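Peer 1: You'll find my_file-v3.cif just under this line, and it carries mmCIF, C-alpha atoms and all ligand atoms.
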data_query
loop_
_atom_site.label_atom_id
_atom_site.label_comp_id
_atom_site.auth_asym_id
_atom_site.auth_seq_id
_atom_site.Cartn_x
_atom_site.Cartn_y
_atom_site.Cartn_z
CA MET J 1 -39.17 -50.78 91.09
CA SER J 2 -41.46 -47.82 91.77
CA GLN J 3 -42.90 -46.87 95.14
CA THR J 4 -46.37 -47.94 94.13
CA GLU J 5 -45.19 -51.36 93.05
CA GLN J 6 -43.49 -51.85 96.39
CA ARG J 7 -46.68 -50.97 98.24
CA ASP J 8 -48.57 -53.29 95.99
CA THR J 9 -46.61 -56.43 96.79
CA SER J 10 -48.14 -56.71 100.27
CA ARG J 11 -51.26 -58.25 98.73
CA THR J 12 -49.72 -60.66 96.30
CA ASP J 13 -48.19 -63.88 97.54
CA ASP J 14 -46.41 -66.40 95.34
CA THR J 15 -49.40 -68.71 94.99
CA THR J 16 -51.75 -66.01 93.69
CA GLU J 17 -51.84 -65.65 89.96
CA LEU J 18 -52.38 -62.02 89.03
CA ALA J 19 -55.39 -61.12 86.91
CA VAL J 20 -54.06 -57.75 85.70
CA GLU J 21 -50.56 -56.28 85.90
CA LEU J 22 -49.57 -52.74 84.95
CA ARG J 23 -45.94 -51.69 85.00
CA ASN J 24 -45.15 -48.08 84.12
CA VAL J 25 -48.12 -47.83 81.80
CA GLY J 26 -48.61 -44.54 79.95
CA VAL J 27 -51.37 -43.34 77.62
CA ALA J 28 -50.89 -40.43 75.21
CA TYR J 29 -52.99 -38.96 72.41
CA GLY J 30 -52.36 -37.07 69.19
CA GLY J 31 -49.08 -35.89 67.75
CA GLY J 32 -47.84 -36.97 64.34
CA ARG J 33 -45.55 -39.87 63.60
CA GLY J 34 -42.14 -39.17 65.11
CA ARG J 35 -43.43 -36.02 66.81
CA ARG J 36 -43.64 -37.32 70.35
CA SER J 37 -43.30 -33.82 71.78
CA ASP J 38 -46.74 -32.91 70.39
CA ARG J 39 -48.43 -35.74 72.19
CA PHE J 40 -50.85 -35.07 75.02
CA VAL J 41 -49.84 -37.34 77.88
CA ALA J 42 -53.00 -38.29 79.78
CA VAL J 43 -51.40 -40.96 81.99
CA ALA J 44 -47.64 -40.76 82.48
CA ASP J 45 -46.88 -43.75 84.66
CA ALA J 46 -49.28 -46.19 86.30
CA SER J 47 -48.21 -49.37 88.09
CA PHE J 48 -50.53 -51.65 90.05
CA THR J 49 -51.87 -55.18 90.02
CA VAL J 50 -55.24 -56.90 90.41
CA GLY J 51 -55.26 -60.31 92.07
CA ARG J 52 -57.59 -63.17 91.19
CA ASN J 53 -61.13 -62.53 92.39
CA GLU J 54 -60.07 -59.08 93.50
CA LEU J 55 -61.99 -55.91 92.64
CA VAL J 56 -59.80 -52.82 92.40
CA ALA J 57 -61.32 -49.34 92.12
CA ILE J 58 -59.60 -46.48 90.32
CA ILE J 59 -60.59 -43.05 91.56
CA GLY J 60 -59.60 -39.50 90.71
CA PRO J 61 -61.30 -36.37 89.41
CA SER J 62 -62.58 -35.83 85.91
CA GLY J 63 -59.80 -35.75 83.33
CA CYS J 64 -57.16 -37.57 85.39
CA GLY J 65 -57.05 -40.44 82.90
CA LYS J 66 -59.26 -43.12 84.47
CA SER J 67 -61.04 -43.97 81.22
CA SER J 68 -57.78 -43.75 79.27
CA LEU J 69 -56.17 -46.28 81.59
CA LEU J 70 -59.15 -48.63 81.47
CA SER J 71 -59.29 -48.36 77.68
CA ALA J 72 -55.61 -49.28 77.53
CA ILE J 73 -56.29 -52.37 79.64
CA ALA J 74 -59.23 -53.18 77.38
CA GLY J 75 -56.85 -52.99 74.43
CA LEU J 76 -58.81 -50.12 72.86
CA VAL J 77 -56.09 -47.43 72.92
CA PRO J 78 -52.30 -47.63 72.44
CA PHE J 79 -50.12 -47.46 75.54
CA THR J 80 -46.49 -47.59 76.63
CA GLY J 81 -45.11 -49.84 79.35
CA ASP J 82 -46.00 -53.38 80.31
CA LEU J 83 -49.62 -54.45 80.57
CA ARG J 84 -50.75 -58.05 81.15
CA VAL J 85 -54.09 -59.75 81.65
CA ILE J 86 -53.93 -63.28 83.10
CA GLY J 87 -50.23 -63.26 82.31
CA GLU J 88 -50.75 -62.40 78.62
CA PRO J 89 -49.40 -59.12 77.23
CA VAL J 90 -52.28 -56.90 76.07
CA ASP J 91 -52.32 -56.49 72.30
CA GLY J 92 -55.78 -55.26 71.32
CA PRO J 93 -59.14 -56.38 72.74
CA GLY J 94 -59.50 -59.98 73.81
CA VAL J 95 -61.96 -62.51 75.17
CA ASN J 96 -60.29 -62.51 78.60
CA ARG J 97 -61.76 -59.04 79.25
CA GLY J 98 -65.34 -57.80 79.38
CA PHE J 99 -66.21 -54.12 79.34
CA VAL J 100 -69.14 -52.27 80.93
CA PHE J 101 -69.44 -48.61 79.96
CA GLN J 102 -71.13 -45.69 81.66
CA ALA J 103 -73.90 -45.33 79.10
CA ALA J 104 -76.13 -48.26 78.36
CA SER J 105 -75.10 -49.27 74.88
CA LEU J 106 -77.87 -51.69 73.93
CA LEU J 107 -79.11 -52.43 70.44
CA PRO J 108 -82.68 -51.05 70.38
CA TRP J 109 -83.99 -53.56 67.82
CA ARG J 110 -82.92 -56.59 69.84
CA THR J 111 -84.68 -58.06 72.85
CA VAL J 112 -82.96 -58.16 76.23
CA LEU J 113 -82.04 -61.80 75.65
CA ARG J 114 -80.64 -61.14 72.19
CA ASN J 115 -78.70 -58.12 73.46
CA THR J 116 -77.21 -60.38 76.10
CA THR J 117 -76.19 -63.06 73.58
CA TYR J 118 -74.74 -60.48 71.18
CA GLY J 119 -71.09 -60.75 72.21
CA LEU J 120 -71.24 -64.53 72.08
CA GLU J 121 -72.82 -64.38 68.63
CA LEU J 122 -69.93 -62.25 67.37
CA ARG J 123 -67.62 -64.92 68.71
CA GLY J 124 -69.51 -67.64 66.88
CA ALA J 125 -70.76 -69.52 69.95
CA PRO J 126 -73.48 -72.09 69.16
CA ARG J 127 -77.05 -70.83 69.65
CA ALA J 128 -77.99 -73.24 72.46
CA SER J 129 -74.92 -72.48 74.56
CA ARG J 130 -75.14 -68.71 74.11
CA THR J 131 -78.82 -68.71 75.05
CA ARG J 132 -78.03 -70.76 78.15
CA ALA J 133 -75.20 -68.39 79.12
CA ALA J 134 -77.41 -65.34 78.56
CA GLU J 135 -80.26 -66.78 80.61
CA GLN J 136 -77.90 -67.50 83.49
CA ALA J 137 -76.45 -63.99 83.33
CA LEU J 138 -79.93 -62.41 83.20
CA ALA J 139 -80.93 -64.46 86.25
CA LEU J 140 -77.83 -63.18 88.06
CA VAL J 141 -78.86 -59.56 87.47
CA GLY J 142 -82.55 -60.26 88.20
CA LEU J 143 -83.94 -59.75 84.70
CA THR J 144 -85.28 -63.20 83.85
CA GLU J 145 -88.82 -61.87 83.45
CA PHE J 146 -87.70 -59.19 81.02
CA GLN J 147 -85.72 -61.27 78.57
CA ASP J 148 -88.24 -60.73 75.78
CA SER J 149 -88.59 -56.98 76.38
CA TYR J 150 -86.91 -54.33 74.26
CA PRO J 151 -84.44 -51.79 75.72
CA LYS J 152 -86.86 -48.84 75.39
CA GLN J 153 -89.32 -50.69 77.64
CA LEU J 154 -86.74 -50.76 80.46
CA SER J 155 -85.65 -48.12 82.97
CA GLY J 156 -82.08 -46.80 82.87
CA GLY J 157 -81.12 -49.03 85.80
CA MET J 158 -82.52 -52.11 84.09
CA GLN J 159 -80.71 -51.24 80.85
CA GLN J 160 -77.48 -51.00 82.79
CA ARG J 161 -78.21 -54.45 84.27
CA VAL J 162 -78.50 -55.80 80.74
CA ASN J 163 -75.07 -54.30 80.03
CA PHE J 164 -73.71 -56.23 82.99
CA ALA J 165 -75.50 -59.39 81.89
CA ARG J 166 -73.98 -59.05 78.43
CA ALA J 167 -70.49 -58.80 79.90
CA LEU J 168 -71.12 -61.69 82.32
CA ALA J 169 -72.63 -63.97 79.65
CA ALA J 170 -69.38 -63.97 77.72
CA ASP J 171 -67.78 -65.17 80.98
CA PRO J 172 -64.46 -63.30 80.78
CA PRO J 173 -62.13 -63.74 83.77
CA VAL J 174 -61.66 -59.96 84.00
CA LEU J 175 -64.41 -57.31 84.04
CA LEU J 176 -63.56 -53.68 83.28
CA MET J 177 -66.20 -51.20 84.44
CA ASP J 178 -66.08 -47.49 83.59
CA GLU J 179 -68.42 -45.54 85.89
CA PRO J 180 -71.25 -47.94 85.07
CA PHE J 181 -73.67 -46.34 87.56
CA ALA J 182 -72.78 -42.69 86.95
CA ALA J 183 -75.82 -41.90 84.80
CA LEU J 184 -78.32 -43.40 87.25
CA ASP J 185 -80.35 -41.68 89.95
CA ALA J 186 -79.06 -42.10 93.52
CA GLN J 187 -81.55 -44.76 94.57
CA THR J 188 -81.08 -46.95 91.50
CA ARG J 189 -77.38 -46.50 91.81
CA GLU J 190 -77.38 -47.75 95.41
CA HIS J 191 -79.51 -50.70 94.35
CA LEU J 192 -77.12 -51.75 91.62
CA GLN J 193 -74.09 -51.24 93.85
CA THR J 194 -75.58 -53.70 96.33
CA GLU J 195 -76.36 -56.07 93.47
CA LEU J 196 -72.81 -55.90 92.12
CA LEU J 197 -71.56 -56.69 95.63
CA SER J 198 -73.58 -59.89 95.72
CA ILE J 199 -72.73 -60.81 92.12
CA TRP J 200 -69.11 -60.51 93.16
CA GLU J 201 -69.68 -63.17 95.85
CA LEU J 202 -71.18 -65.54 93.29
CA THR J 203 -68.59 -65.28 90.55
CA ASP J 204 -64.86 -65.87 90.39
CA LYS J 205 -64.24 -62.71 88.36
CA SER J 206 -61.47 -60.20 88.81
CA GLY J 207 -62.17 -56.61 88.00
CA ILE J 208 -61.41 -52.94 87.79
CA PHE J 209 -64.10 -50.42 88.63
CA VAL J 210 -63.57 -46.79 87.65
CA THR J 211 -65.50 -44.17 89.60
CA HIS J 212 -65.10 -40.61 90.81
CA GLN J 213 -67.20 -41.36 93.91
CA ILE J 214 -65.18 -42.24 96.99
CA ASP J 215 -67.97 -44.09 98.79
CA GLU J 216 -68.71 -46.22 95.74
CA ALA J 217 -65.04 -47.19 95.49
CA VAL J 218 -64.85 -48.19 99.17
CA LEU J 219 -68.14 -50.06 99.09
CA LEU J 220 -67.25 -52.23 96.13
CA ALA J 221 -63.49 -52.62 96.02
CA ASP J 222 -60.85 -54.59 97.87
CA ARG J 223 -58.30 -51.90 97.12
CA VAL J 224 -58.53 -48.35 95.80
CA VAL J 225 -55.98 -46.93 93.37
CA VAL J 226 -55.84 -43.12 93.59
CA LEU J 227 -54.64 -41.38 90.44
CA SER J 228 -52.91 -38.03 90.70
CA ARG J 229 -54.33 -35.07 88.86
CA GLY J 230 -53.94 -35.08 85.07
CA PRO J 231 -52.46 -34.53 82.63
CA ARG J 232 -49.41 -36.77 83.13
CA SER J 233 -51.10 -38.56 85.99
CA SER J 234 -49.60 -41.44 87.93
CA VAL J 235 -50.66 -43.68 90.82
CA ALA J 236 -50.56 -41.44 93.89
CA ARG J 237 -51.62 -44.06 96.42
CA ILE J 238 -53.09 -47.53 96.83
CA ILE J 239 -55.39 -48.00 99.82
CA ASP J 240 -56.62 -51.32 101.24
CA VAL J 241 -60.32 -51.53 102.08
CA PRO J 242 -60.51 -53.35 105.43
CA LEU J 243 -63.98 -54.80 104.85
CA PRO J 244 -64.21 -58.60 104.49
CA ARG J 245 -66.62 -60.23 102.05
CA PRO J 246 -69.47 -60.96 101.96
CA ARG J 247 -70.28 -57.36 102.84
CA PRO J 248 -73.66 -56.95 104.54
CA ALA J 249 -76.35 -54.59 103.29
CA ASP J 250 -75.60 -52.15 106.13
CA VAL J 251 -71.86 -52.04 105.41
CA ARG J 252 -72.27 -48.35 104.47
CA SER J 253 -72.68 -47.55 108.17
CA ASP J 254 -69.77 -49.74 109.33
CA PRO J 255 -67.20 -47.55 111.17
CA LYS J 256 -64.42 -49.11 109.04
CA PHE J 257 -66.29 -48.09 105.89
CA LEU J 258 -66.74 -44.53 107.15
CA ARG J 259 -63.13 -44.31 108.30
CA THR J 260 -61.81 -45.46 104.91
CA VAL J 261 -64.05 -43.00 103.07
CA ALA J 262 -62.82 -40.19 105.34
CA GLU J 263 -59.19 -41.23 104.85
CA LEU J 264 -59.56 -41.19 101.07
CA ARG J 265 -61.43 -37.90 101.14
CA SER J 266 -58.66 -36.12 103.02
CA LEU J 267 -56.06 -37.76 100.77
CA LEU J 268 -57.83 -36.51 97.67
CA ASP J 269 -58.35 -33.06 99.19
CA ALA J 270 -54.61 -32.84 99.84
CA PHE J 271 -53.67 -34.10 96.37
CA TYR J 272 -55.99 -31.80 94.49
CA GLN J 273 -55.78 -28.67 96.62
CA GLU J 274 -52.82 -27.07 94.90
CA GLY J 275 -53.66 -25.46 91.53
P1 LIG J 301 -61.26 -39.45 83.15
O1 LIG J 301 -61.90 -40.72 82.68
O2 LIG J 301 -60.47 -39.59 84.41
O3 LIG J 301 -62.23 -38.31 83.26
P2 LIG J 301 -60.02 -39.48 80.51
O4 LIG J 301 -59.17 -40.70 80.46
O5 LIG J 301 -61.32 -39.51 79.83
O6 LIG J 301 -60.17 -39.01 82.05
O7 LIG J 301 -59.19 -38.26 79.90
C1 LIG J 301 -57.89 -37.95 80.35
C2 LIG J 301 -57.35 -36.82 79.50
O8 LIG J 301 -57.13 -37.30 78.17
C3 LIG J 301 -58.32 -35.63 79.37
O9 LIG J 301 -57.57 -34.46 79.37
C4 LIG J 301 -58.98 -35.86 78.03
O10 LIG J 301 -59.37 -34.65 77.45
C5 LIG J 301 -57.88 -36.54 77.23
N1 LIG J 301 -58.40 -37.48 76.22
C6 LIG J 301 -59.21 -38.54 76.46
N2 LIG J 301 -59.49 -39.21 75.32
C7 LIG J 301 -58.85 -38.54 74.33
C8 LIG J 301 -58.72 -38.72 72.90
N3 LIG J 301 -59.34 -39.73 72.29
N4 LIG J 301 -57.98 -37.83 72.22
C9 LIG J 301 -57.36 -36.81 72.85
N5 LIG J 301 -57.40 -36.59 74.17
C10 LIG J 301 -58.15 -37.43 74.91
MG MG J 302 -63.89 -41.25 82.34
#
Represent the structure contained in this file as structure tokens.
Ligand code: ADP
Ligand code: MG
Peer 2:
Amino acid sequence: MSQTEQRDTSRTDDTTELAVELRNVGVAYGGGRGRRSDRFVAVADASFTVGRNELVAIIGPSGCGKSSLLSAIAGLVPFTGDLRVIGEPVDGPGVNRGFVFQAASLLPWRTVLRNTTYGLELRGAPRASRTRAAEQALALVGLTEFQDSYPKQLSGGMQQRVNFARALAADPPVLLMDEPFAALDAQTREHLQTELLSIWELTDKSGIFVTHQIDEAVLLADRVVVLSRGPRSSVARIIDVPLPRPRPADVRSDPKFLRTVAELRSLLDAFYQEG
């Protein structure tokens, strides 16, 4: 058992079913068949878990393998090691995971409502039930009035809300989010962070949130996984966020919030100083 796994067990008791489990997960690219030495190892060895209803943030600088790891969990890239979602080994994409990317990836010719039902359509859900699910998800992200609008009529922040609604409408137990607010201006970003916090109170989802922003990780997550510098990254540390939920709007000025941000900042400074 690795160090990181040992640290991890403090949060998981026997009665809690785990939402996501990674044991010695690696992600590598390129290299021909049988030519393992040519492969570029983005992530060498990552082990951590996500409990039910827990939100875990992954942080680390650009290129350390955050997206690679999340894509492996999504079943979009090959990996080595053991990777489970709700107890099931990951073998390609599946309906138990929803994905929200950095860039809004909406279909321009579809209305907000029909973008939100899209995933359910692909799955063959009946029209009435997918419309109901989409309407509920759009209400959750505050876009009910815009369900008949087209993406180009919406701001970047609103488009990203539709992305969230689309993931929520399919109602997967696990949400995977890759820097979903990175392309937004600071004010919109703060708005959506607060919204995600309250959505998290209302749903029973489990999730992983990738970001390179320390304060965003602390604000949103129950625990923060710090990746070491890439290539060949691994889990350098897992930090508990000592902020109970629901988190109030002014949690950003809570001394515990500020202390955790400072702790992570000095950790990251130390990890990334050399080289
Ligand atoms: P992060 O999301 O932390 O910025 P990535 O997971 O995107 O990091 O990338 C990790 C490393 O893997 C980088 O060096 C990147 O260039 C490389 N990489 C990512 N995707 C691919 C790919 N499809 N093919 C080859 N190398 C890749
Ligand atoms: Mg990335």
Peer 1: Quick one: everything within 8 Å of Gly81 (chain J), counting only C-alpha atoms, minus sequence neighbours fewer than 3 positions away in the same chain. Send it as a PyMOL selection string.
Peer 2: chain J and resi 22-26
Peer 1: Using only C-alpha atoms and all ligand atoms, what are the residues with an atom within 10 Å of ligand MG 302 (chain J), set out as a list in words?
Peer 2: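 Every residue with an atom at most 10 Å from ligand MG 302 (chain J) is listed here: Ile59, Gly60, Pro61, Ser62, Gly63, Cys64, Gly65, Lys66, Ser67, Ser68, Leu69, Leu70, Ser71, Phe101, Gln102, Asp178, Glu179, Val210, Thr211 and His212 of chain J.
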Peer 1: Could you tell me which of J:Leu113, J:Phe271, J:Val100, J:Phe209 comes closest to Leu227 (chain J) if we count all atoms listed in the file?
Peer 2: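 Selected residue with least distance to Leu227 (chain J): J:Phe271.
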Peer 1: How many Å separate CA of Ser234 (chain J) from atom O8 of ligand LIG 301 (chain J)?
Peer 2: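 Separation between CA of Ser234 (chain J) and atom O8 of ligand LIG 301 (chain J): 13.0 Å.
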Peer 1: Tell me which residues come within 7 Å of (-54.0, -56.0, 83.8), as a ChimeraX atom specification, counting only C-alpha atoms in the file's coordinates.
Peer 2: /J:19-22,49-50,73,83-85
Peer 1: Could you check which of J:Leu122, J:Leu143, J:Leu107, J:Ser228 is closest to ligand LIG 301 (chain J), using all atoms listed in the file?
Peer 2: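 Among the listed residues, the smallest separation from ligand LIG 301 (chain J) belongs to J:Ser228.
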Peer 1: For ligand LIG 301 (chain J), which residue out of J:Ala182, J:Ile86, J:Ala270, J:Leu120 is the nearest one, using all atoms listed in the file?
Peer 2: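 Ranking J:Ala182, J:Ile86, J:Ala270, J:Leu120 by distance to ligand LIG 301 (chain J), first place goes to J:Ala182.
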Peer 1: Counting all atoms listed in the file, note down every residue that has an atom within 12 Å of the point (-68.9, -66.7, 89.1) (file coordinates), as a list in words.
Peer 2: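 All residues meeting the 12 Å criterion around (-68.9, -66.7, 89.1) are Asn53, Ala133, Gln136, Ala137, Leu140, Leu168, Ala169, Ala170, Asp171, Pro172, Pro173, Val174, Leu175, Leu196, Ser198, Ile199, Trp200, Glu201, Leu202, Thr203, Asp204, Lys205 and Ser206 of chain J.
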Peer 1: From the list J:Met158, J:Met177, J:Ala134, J:Leu219, which residue is nearest ligand LIG 301 (chain J) when using all atoms listed in the file?
Peer 2: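 Looking only at the distances to ligand LIG 301 (chain J), the closest residue turns out to be J:Met177.
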Peer 1: Just want the 10 Å neighbourhood of region 222-225 of chain J, counted on only C-alpha atoms, with same-chain residues fewer than 4 positions away dropped. Output as number ranges by chain.
Peer 2: J: 4, 8, 11, 46-51, 53-60, 208-210, 214, 217-218, 235-245, 264
